[in-house]
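Right, one structure below, let's go through it.
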Amino acid sequence: MTDIQAQLICERCGQTIDDRLAWRCESCGGPLWFADLPPFDADSIRQHEWSLWRYAAMLPVIRRFSLGEGMTPLVPTTSSEVPFLAKLEFVSATGSYKDRGVSVMLNHLLGLGVEAVVEDSSGNAGASVAAYAGGIGMEASIYVPAEAPSNKINQIARYGAHVVEVSGPRDAVTAACEEAAQQAAYATHAWNPFYLAGQMTGAWEIWEQMGRRAPDAVVCPVGQGGLFLGLARGFQALEEAGLIDRLPRMFAAQSSAFDPIVRAWEAGSEAPLEPAGGDTIADGIKIAAPVRGREILAAIRASDGGAFRVDETSINDAQTTLAKRGLYVEPTSAVPMAALNAVQDRLGQPAEIVIPLTGSGLKAG
């Protein structure tokens, strides 16, 4: 079987991309997307399939390997008397939402005959790539910050991947990995459009779980923003198919130390702005310059959403509150809940809000 040959294009300059291993535009350095993804067709959902592959007809990839990713629970809970629906992405095979995108991306690379991949990750994406690569017999080298949580590094190693620890700022890790990508396929969750396509399936699940309708708002932690953009584009596909009459309002939540999207949204900028810097317990979103930042900001504005920063105390408090609700997540997953009151104030009236809980608390070092 061969994958659907959806045409890749650069989102910035519009150039068509013929190289199926490409992960960014060689002309302008912009991110890639698809010119002709299959439209969403509710009649094509595989009702017997209890994984994201129930939406196989809408994806540009043939399934060759799966760990049962997708179809995570949607659970009602509250925070400071604000009710919301928690999408439990942390129950995925490797303990994080990254499995959605990685499954689609690695199935794509497997179809191209790729035998070795590299990835740079603070933990969750690296673990996911390591798990799926191991499952399909690919070699994987994962470049991680030297200060990444030990539990995450250990998880990556246990899957059989080669762990490369890099000292210095986060961009030093990326630079080292991009150098290594000259000799192996770059399985990058930040850039790869097939990864982003996998994240769209979360929106389609939410739509089904809510009785084939969209929530009023979605609040996501945003580092590179793959989850945020995937959900936004998934809901856009539903709107284009005439299955919802409006997009949910999309809200980005970031740490006050790493807030390039918040700063840009506040300033009316089309591109991310340099954050204040510092450190945060939300290690999964310690990203100063998200590569799809322009697209994230465009999605916020197209949905009449917003972006909010939260401090370390509120992140810790939100993590504790979630645990007391029976939902044990890592600090990054608690960031949207820490911003929930600000989102509710922005909405101005009672609303159905979905928050994806992205990573298990068992992964925190």
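Starting from 1 in every chain, residues are counted up; chains themselves are A, B, ... following the order of the structure tokens, and ligands are numbered from 1 as listed.
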Item to complete: Run DSSP on the backbone and give me the residues of region 26-212 of chain A it puts in strand (DSSP E), as an MDAnalysis selection string.
Response: chainID A and resid 32:34 74:79 82:88 116:120 139:145 162:166 185:186
Would you export the selected residues with N, CA and C atoms as a short mmCIF file (atom, residue, chain, number, x, y, z; two decimals), in the first residue's frame, please?
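Okay, this is what ended up in out.cif:
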```
data_model
loop_
_atom_site.label_atom_id
_atom_site.label_comp_id
_atom_site.auth_asym_id
_atom_site.auth_seq_id
_atom_site.Cartn_x
_atom_site.Cartn_y
_atom_site.Cartn_z
N LEU A 32 5.92 23.58 6.71
CA LEU A 32 5.18 22.95 5.62
C LEU A 32 3.80 22.51 6.07
N TRP A 33 2.89 22.46 5.11
CA TRP A 33 1.55 21.92 5.34
C TRP A 33 1.09 21.27 4.05
N PHE A 34 -0.16 20.86 4.00
CA PHE A 34 -0.69 20.13 2.86
C PHE A 34 -1.62 21.02 2.04
N LEU A 74 -12.89 11.98 27.74
CA LEU A 74 -13.24 13.38 27.95
C LEU A 74 -14.05 13.43 29.24
N VAL A 75 -13.46 14.02 30.29
CA VAL A 75 -14.00 13.89 31.64
C VAL A 75 -14.38 15.25 32.21
N PRO A 76 -15.60 15.42 32.72
CA PRO A 76 -15.98 16.69 33.35
C PRO A 76 -15.33 16.86 34.71
N THR A 77 -14.82 18.05 34.99
CA THR A 77 -14.24 18.37 36.29
C THR A 77 -14.35 19.88 36.49
N THR A 78 -13.76 20.39 37.57
CA THR A 78 -13.86 21.82 37.86
C THR A 78 -12.53 22.36 38.38
N SER A 79 -12.42 23.69 38.31
CA SER A 79 -11.30 24.40 38.92
C SER A 79 -11.81 25.73 39.42
N VAL A 82 -15.01 26.79 38.20
CA VAL A 82 -15.19 26.88 36.75
C VAL A 82 -15.19 25.46 36.19
N PRO A 83 -16.31 24.99 35.65
CA PRO A 83 -16.34 23.63 35.10
C PRO A 83 -15.62 23.57 33.75
N PHE A 84 -15.01 22.43 33.47
CA PHE A 84 -14.41 22.22 32.14
C PHE A 84 -14.37 20.74 31.86
N LEU A 85 -14.08 20.39 30.62
CA LEU A 85 -13.95 19.02 30.19
C LEU A 85 -12.47 18.73 29.98
N ALA A 86 -11.95 17.76 30.69
CA ALA A 86 -10.54 17.39 30.59
C ALA A 86 -10.38 16.26 29.59
N LYS A 87 -9.60 16.50 28.54
CA LYS A 87 -9.30 15.48 27.54
C LYS A 87 -8.03 14.77 28.01
N LEU A 88 -8.15 13.50 28.41
CA LEU A 88 -7.07 12.82 29.11
C LEU A 88 -6.04 12.24 28.15
N ALA A 116 16.41 5.03 10.14
CA ALA A 116 16.97 5.71 11.30
C ALA A 116 16.43 7.13 11.38
N VAL A 117 16.09 7.57 12.60
CA VAL A 117 15.55 8.91 12.80
C VAL A 117 16.28 9.60 13.94
N VAL A 118 16.24 10.93 13.91
CA VAL A 118 16.72 11.75 15.02
C VAL A 118 15.61 12.71 15.41
N GLU A 119 15.61 13.11 16.66
CA GLU A 119 14.62 14.05 17.18
C GLU A 119 15.24 14.81 18.34
N ASP A 120 14.84 16.07 18.53
CA ASP A 120 15.26 16.83 19.71
C ASP A 120 14.02 17.09 20.55
N GLU A 139 16.06 2.71 14.08
CA GLU A 139 17.00 3.26 15.04
C GLU A 139 16.59 4.70 15.36
N ALA A 140 16.73 5.10 16.61
CA ALA A 140 16.36 6.46 17.02
C ALA A 140 17.43 7.05 17.91
N SER A 141 17.83 8.28 17.60
CA SER A 141 18.73 9.06 18.45
C SER A 141 17.97 10.28 18.91
N ILE A 142 17.84 10.44 20.22
CA ILE A 142 17.04 11.53 20.77
C ILE A 142 17.97 12.51 21.48
N TYR A 143 17.95 13.76 21.02
CA TYR A 143 18.78 14.82 21.58
C TYR A 143 17.96 15.56 22.63
N VAL A 144 18.47 15.59 23.86
CA VAL A 144 17.71 16.15 24.97
C VAL A 144 18.55 17.18 25.72
N PRO A 145 17.91 18.16 26.35
CA PRO A 145 18.65 19.08 27.23
C PRO A 145 19.26 18.30 28.39
N HIS A 162 19.00 5.85 21.45
CA HIS A 162 20.28 6.43 21.88
C HIS A 162 20.01 7.85 22.37
N VAL A 163 20.30 8.12 23.63
CA VAL A 163 20.05 9.44 24.22
C VAL A 163 21.32 10.28 24.13
N VAL A 164 21.18 11.47 23.53
CA VAL A 164 22.30 12.40 23.41
C VAL A 164 21.98 13.63 24.24
N GLU A 165 22.65 13.81 25.36
CA GLU A 165 22.40 14.96 26.23
C GLU A 165 23.26 16.14 25.76
N VAL A 166 22.63 17.30 25.63
CA VAL A 166 23.30 18.50 25.14
C VAL A 166 23.19 19.60 26.19
N ALA A 185 16.80 10.68 8.98
CA ALA A 185 15.55 11.44 8.84
C ALA A 185 15.26 12.19 10.13
N TYR A 186 14.79 13.42 9.99
CA TYR A 186 14.49 14.26 11.14
C TYR A 186 13.02 14.08 11.50
#
```
Item to complete: For region 317-320 of chain A, list every protein, DNA or RNA residue within 10 Å, evaluated using only C-alpha atoms, and leave out those in the same chain fewer than 4 positions away; present the list as a list in words.
Response: Ser79, Ser80, Glu312, Thr313, Lys324, Arg325, Gly326, Leu327, Tyr328, Val329, Glu330, Pro331, Thr332, Ser333, Ala334, Val335, Pro336, Met337, Ala338, Ala339, Leu340 and Gly361 of chain A
Worksheet item: as a PyMOL selection string, which residues of region 18-186 of chain A does DSSP assign to alpha helix (DSSP H)?
Response: chain A and resi 98-111+124-136+150-158+170-180
Item to complete: Could you check which of A:Ile287, A:Val129, A:Cys13, A:Ala175 is closest to Ala93 (chain A), using only C-alpha atoms?
Response: A:Val129
Fill in: For Ala364 (chain A), the nearest of the candidates A:Ser128, A:Gln15, A:Gln155, A:Gln7, counting only C-alpha atoms
A:Gln155
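Minimum distance to Arg292 (chain A) across A:Ala130, A:Met71, A:Ala180, A:Leu196 (counting only C-alpha atoms) occurs at A:Leu196.
Among A:Ala288, A:Ala307, A:Leu231, A:Leu37, the residue with the shortest atom-to-atom distance to Met58 (chain A), counting only C-alpha atoms, is A:Leu37.
Near Ala217 (chain A), within 9 Å and counting only C-alpha atoms, sit Ala214, Pro215, Val219, Leu247, Pro248, Arg249, Met250, Phe251, Gly305, Val343, Leu347, Ala351, Glu352, Ile353, Val354 and Ile355 of chain A; same-chain residues fewer than 2 positions away were not included.
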So that I have them on file, write out the residues from the current selection with C-alpha atoms, as a compact mmCIF listing (two decimals), in the first residue's frame.
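Contents of result_35.txt, as written:
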```txt
# COMPACT_ATOMS: atom_id res chain seq x y z
CA ALA A 214 -17.78 21.80 19.16
CA PRO A 215 -17.01 23.24 22.60
CA VAL A 219 -7.25 25.99 26.28
CA LEU A 247 -14.87 27.42 15.53
CA PRO A 248 -14.22 27.06 19.26
CA ARG A 249 -12.29 30.00 20.64
CA MET A 250 -8.67 28.90 20.93
CA PHE A 251 -6.63 30.02 23.96
CA GLY A 305 -9.30 33.52 21.21
CA VAL A 343 -10.12 32.53 30.02
CA LEU A 347 -15.46 34.56 27.59
CA ALA A 351 -19.12 28.17 28.56
CA GLU A 352 -18.14 24.66 27.62
CA ILE A 353 -14.34 24.62 27.84
CA VAL A 354 -12.05 21.75 26.90
CA ILE A 355 -8.54 21.42 28.32
```
